[in-house]
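S.K.: One file: input10.txt (compact mmCIF, N, CA and C atoms).
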# COMPACT_ATOMS: atom_id res chain seq x y z
N MET L 1 7.82 79.07 356.96
CA MET L 1 6.46 78.76 356.63
C MET L 1 6.08 77.38 357.17
N LEU L 2 6.95 76.41 356.94
CA LEU L 2 6.66 75.07 357.43
C LEU L 2 6.69 75.01 358.95
N ALA L 3 7.61 75.74 359.56
CA ALA L 3 7.69 75.75 361.02
C ALA L 3 6.46 76.42 361.62
N CYS L 4 6.03 77.52 361.04
CA CYS L 4 4.86 78.24 361.56
C CYS L 4 3.58 77.41 361.45
N SER L 5 3.51 76.59 360.42
CA SER L 5 2.30 75.78 360.22
C SER L 5 2.41 74.39 360.84
N SER L 6 3.49 74.11 361.53
CA SER L 6 3.74 72.81 362.16
C SER L 6 3.69 71.67 361.15
N THR L 7 4.30 71.91 359.98
CA THR L 7 4.30 70.89 358.94
C THR L 7 5.71 70.58 358.45
N ILE L 8 6.69 70.72 359.32
CA ILE L 8 8.07 70.43 358.91
C ILE L 8 8.22 68.95 358.61
N SER L 9 7.76 68.12 359.48
CA SER L 9 7.90 66.67 359.31
C SER L 9 6.53 66.05 359.03
N ALA L 10 6.48 65.25 357.99
CA ALA L 10 5.22 64.60 357.64
C ALA L 10 4.81 63.56 358.70
N ASN L 11 5.78 63.05 359.42
CA ASN L 11 5.47 62.03 360.43
C ASN L 11 4.87 62.61 361.70
N HIS L 12 5.14 63.87 362.00
CA HIS L 12 4.70 64.46 363.26
C HIS L 12 3.63 65.52 363.12
N SER L 13 3.21 65.82 361.92
CA SER L 13 2.23 66.88 361.71
C SER L 13 0.82 66.31 361.61
N PRO L 14 -0.08 66.76 362.48
CA PRO L 14 -1.46 66.28 362.38
C PRO L 14 -2.14 66.77 361.10
N TYR L 15 -1.73 67.93 360.61
CA TYR L 15 -2.33 68.47 359.39
C TYR L 15 -1.98 67.62 358.17
N LEU L 16 -0.74 67.19 358.10
CA LEU L 16 -0.31 66.39 356.95
C LEU L 16 -0.88 64.97 357.02
N LYS L 17 -1.17 64.50 358.22
CA LYS L 17 -1.75 63.17 358.37
C LYS L 17 -3.22 63.15 357.95
N THR L 18 -3.90 64.28 358.13
CA THR L 18 -5.34 64.32 357.85
C THR L 18 -5.69 64.85 356.47
N SER L 19 -4.81 65.65 355.87
CA SER L 19 -5.10 66.24 354.56
C SER L 19 -4.16 65.68 353.50
N LYS L 20 -4.72 64.87 352.63
CA LYS L 20 -3.93 64.25 351.56
C LYS L 20 -3.39 65.32 350.60
N GLN L 21 -4.23 66.30 350.29
CA GLN L 21 -3.82 67.35 349.36
C GLN L 21 -2.68 68.19 349.92
N LEU L 22 -2.77 68.54 351.19
CA LEU L 22 -1.71 69.32 351.82
C LEU L 22 -0.41 68.53 351.85
N LYS L 23 -0.49 67.22 352.11
CA LYS L 23 0.70 66.37 352.12
C LYS L 23 1.33 66.30 350.73
N GLU L 24 0.52 66.22 349.70
CA GLU L 24 1.05 66.18 348.34
C GLU L 24 1.82 67.46 348.01
N TYR L 25 1.29 68.60 348.41
CA TYR L 25 1.99 69.86 348.15
C TYR L 25 3.23 69.99 349.03
N HIS L 26 3.19 69.46 350.24
CA HIS L 26 4.37 69.44 351.11
C HIS L 26 5.47 68.61 350.45
N ASP L 27 5.09 67.44 349.95
CA ASP L 27 6.06 66.59 349.26
C ASP L 27 6.59 67.27 348.00
N GLY L 28 5.72 68.02 347.32
CA GLY L 28 6.14 68.76 346.14
C GLY L 28 7.16 69.84 346.46
N ILE L 29 6.97 70.50 347.59
CA ILE L 29 7.94 71.52 348.03
C ILE L 29 9.28 70.86 348.29
N MET L 30 9.27 69.77 349.04
CA MET L 30 10.52 69.09 349.38
C MET L 30 11.23 68.56 348.13
N SER L 31 10.47 68.01 347.22
CA SER L 31 11.05 67.48 345.98
C SER L 31 11.64 68.59 345.12
N SER L 32 10.90 69.68 344.96
CA SER L 32 11.41 70.77 344.12
C SER L 32 12.59 71.47 344.78
N LEU L 33 12.63 71.53 346.10
CA LEU L 33 13.80 72.10 346.78
C LEU L 33 15.03 71.23 346.55
N SER L 34 14.86 69.93 346.60
CA SER L 34 15.98 69.02 346.35
C SER L 34 16.51 69.19 344.93
N LYS L 35 15.59 69.29 343.98
CA LYS L 35 16.00 69.46 342.59
C LYS L 35 16.69 70.81 342.38
N LEU L 36 16.24 71.84 343.10
CA LEU L 36 16.88 73.15 343.00
C LEU L 36 18.31 73.10 343.53
N VAL L 37 18.51 72.40 344.63
CA VAL L 37 19.86 72.25 345.18
C VAL L 37 20.77 71.53 344.19
N LEU L 38 20.25 70.47 343.58
CA LEU L 38 21.05 69.75 342.59
C LEU L 38 21.36 70.63 341.37
N ALA L 39 20.39 71.41 340.92
CA ALA L 39 20.61 72.30 339.78
C ALA L 39 21.65 73.36 340.12
N ALA L 40 21.64 73.85 341.36
CA ALA L 40 22.63 74.84 341.78
C ALA L 40 24.03 74.23 341.84
N LYS L 41 24.12 72.99 342.29
CA LYS L 41 25.42 72.32 342.32
C LYS L 41 25.97 72.12 340.91
N VAL L 42 25.11 71.77 339.98
CA VAL L 42 25.54 71.60 338.60
C VAL L 42 26.00 72.93 338.02
N ALA L 43 25.26 73.99 338.31
CA ALA L 43 25.59 75.31 337.76
C ALA L 43 26.89 75.87 338.32
N THR L 44 27.27 75.46 339.51
CA THR L 44 28.49 75.99 340.11
C THR L 44 29.68 75.07 339.89
N GLY L 45 29.51 74.07 339.05
CA GLY L 45 30.59 73.15 338.75
C GLY L 45 31.68 73.81 337.92
N VAL L 46 32.76 73.10 337.72
CA VAL L 46 33.90 73.61 336.95
C VAL L 46 33.50 73.88 335.50
N TRP L 47 32.77 72.94 334.90
CA TRP L 47 32.33 73.09 333.51
C TRP L 47 30.81 72.95 333.46
N PRO L 48 30.07 73.99 333.86
CA PRO L 48 28.61 73.87 333.85
C PRO L 48 28.07 73.83 332.43
N PRO L 49 26.99 73.10 332.22
CA PRO L 49 26.39 73.07 330.89
C PRO L 49 25.81 74.45 330.53
N PRO L 50 25.63 74.72 329.26
CA PRO L 50 25.14 76.04 328.85
C PRO L 50 23.75 76.38 329.36
N ASP L 51 22.95 75.38 329.65
CA ASP L 51 21.59 75.66 330.13
C ASP L 51 21.46 75.57 331.66
N ALA L 52 22.56 75.66 332.37
CA ALA L 52 22.54 75.51 333.83
C ALA L 52 21.72 76.60 334.51
N VAL L 53 21.87 77.84 334.05
CA VAL L 53 21.11 78.94 334.67
C VAL L 53 19.62 78.76 334.39
N HIS L 54 19.30 78.36 333.19
CA HIS L 54 17.89 78.11 332.85
C HIS L 54 17.32 77.00 333.75
N GLY L 55 18.09 75.96 333.98
CA GLY L 55 17.64 74.87 334.84
C GLY L 55 17.39 75.32 336.27
N MET L 56 18.27 76.19 336.77
CA MET L 56 18.07 76.72 338.12
C MET L 56 16.82 77.58 338.19
N ARG L 57 16.62 78.43 337.19
CA ARG L 57 15.43 79.29 337.18
C ARG L 57 14.15 78.46 337.11
N TYR L 58 14.19 77.42 336.29
CA TYR L 58 13.02 76.56 336.18
C TYR L 58 12.71 75.90 337.52
N GLN L 59 13.73 75.36 338.18
CA GLN L 59 13.52 74.71 339.47
C GLN L 59 13.06 75.70 340.54
N ALA L 60 13.59 76.91 340.51
CA ALA L 60 13.13 77.94 341.45
C ALA L 60 11.66 78.26 341.22
N GLY L 61 11.24 78.28 339.97
CA GLY L 61 9.83 78.49 339.65
C GLY L 61 8.96 77.36 340.15
N GLN L 62 9.48 76.15 340.09
CA GLN L 62 8.74 75.00 340.60
C GLN L 62 8.57 75.07 342.13
N VAL L 63 9.61 75.54 342.81
CA VAL L 63 9.51 75.73 344.27
C VAL L 63 8.43 76.76 344.58
N LEU L 64 8.46 77.88 343.87
CA LEU L 64 7.47 78.94 344.09
C LEU L 64 6.06 78.42 343.84
N LEU L 65 5.86 77.68 342.78
CA LEU L 65 4.55 77.13 342.46
C LEU L 65 4.07 76.18 343.55
N ALA L 66 4.95 75.31 344.02
CA ALA L 66 4.58 74.37 345.07
C ALA L 66 4.24 75.10 346.37
N VAL L 67 4.99 76.14 346.68
CA VAL L 67 4.72 76.92 347.90
C VAL L 67 3.37 77.63 347.79
N ARG L 68 3.08 78.20 346.64
CA ARG L 68 1.79 78.89 346.46
C ARG L 68 0.63 77.92 346.64
N HIS L 69 0.74 76.73 346.08
CA HIS L 69 -0.33 75.75 346.24
C HIS L 69 -0.46 75.32 347.70
N PHE L 70 0.67 75.10 348.35
CA PHE L 70 0.66 74.70 349.75
C PHE L 70 -0.02 75.76 350.61
N VAL L 71 0.33 77.01 350.40
CA VAL L 71 -0.26 78.11 351.18
C VAL L 71 -1.76 78.20 350.95
N ALA L 72 -2.17 78.07 349.70
CA ALA L 72 -3.60 78.16 349.39
C ALA L 72 -4.39 77.05 350.10
N VAL L 73 -3.88 75.83 350.06
CA VAL L 73 -4.58 74.72 350.71
C VAL L 73 -4.54 74.89 352.22
N ALA L 74 -3.39 75.31 352.76
CA ALA L 74 -3.27 75.51 354.21
C ALA L 74 -4.26 76.58 354.69
N GLN L 75 -4.39 77.66 353.96
CA GLN L 75 -5.33 78.71 354.35
C GLN L 75 -6.77 78.23 354.26
N SER L 76 -7.08 77.40 353.26
CA SER L 76 -8.44 76.89 353.15
C SER L 76 -8.79 75.93 354.29
N LEU L 77 -7.75 75.31 354.88
CA LEU L 77 -7.95 74.43 356.03
C LEU L 77 -7.93 75.18 357.35
N GLY L 78 -7.64 76.48 357.30
CA GLY L 78 -7.59 77.28 358.52
C GLY L 78 -6.28 77.19 359.27
N ILE L 79 -5.22 76.77 358.60
CA ILE L 79 -3.91 76.67 359.22
C ILE L 79 -3.24 78.04 359.14
N SER L 80 -2.77 78.51 360.26
CA SER L 80 -2.12 79.82 360.32
C SER L 80 -0.68 79.75 359.82
N ILE L 81 -0.37 80.58 358.85
CA ILE L 81 1.00 80.64 358.32
C ILE L 81 1.51 82.05 358.51
Let me see whether you can do it: turn the structure in this file into structure tokens.
M.R.:
Amino acid sequence: MLACSSTISANHSPYLKTSKQLKEYHDGIMSSLSKLVLAAKVATGVWPPPDAVHGMRYQAGQVLLAVRHFVAVAQSLGISI
């Protein structure tokens, strides 16, 4: 999705430079993906906490929410995804 919309890097994307809202959702995607990776690492540890699966599901939901917002704003700007 990011590759198709030319928004992989915030430094090189003209869309992210011109649209503050799109950049915020891009940053939200990157942040929630990082948190999901960390939650997955915790869940696969030797002694995972009892709520590890819940934490992963929550973070996956946050990624989905950020992606939906990003797509909606990108489509309103006429960016092809």
S.K.: Would you compute the distance between atom CA of L:Arg57 and atom N of L:Ala39? Give it in Å to one decimal.
M.R.: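 Going from atom CA of L:Arg57 over to atom N of L:Ala39, I get 10.0 Å.
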S.K.: Between L:Trp47, L:Ala52, L:His26, L:Ser76, which has the minimum distance to L:Ser13 (counting only C-alpha atoms)?
M.R.: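 Of the candidates, the smallest distance to L:Ser13 is held by L:His26.
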S.K.: Closest to L:Leu22 among L:Val63, L:Met56, L:Arg68, L:Val73, using all atoms listed in the file?
M.R.: L:Val73
S.K.: With distances taken over only C-alpha atoms, which residue among L:Thr18, L:Gln75, L:Ser5, L:Gln59 lies nearest L:Met30?
M.R.: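 The answer is L:Gln59, which sits nearest to L:Met30.
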S.K.: What is the distance, in Å and to one decimal place, between atom CA of L:Gln62 and atom CA of L:Ile29?
M.R.: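 It comes out at 8.2 Å.
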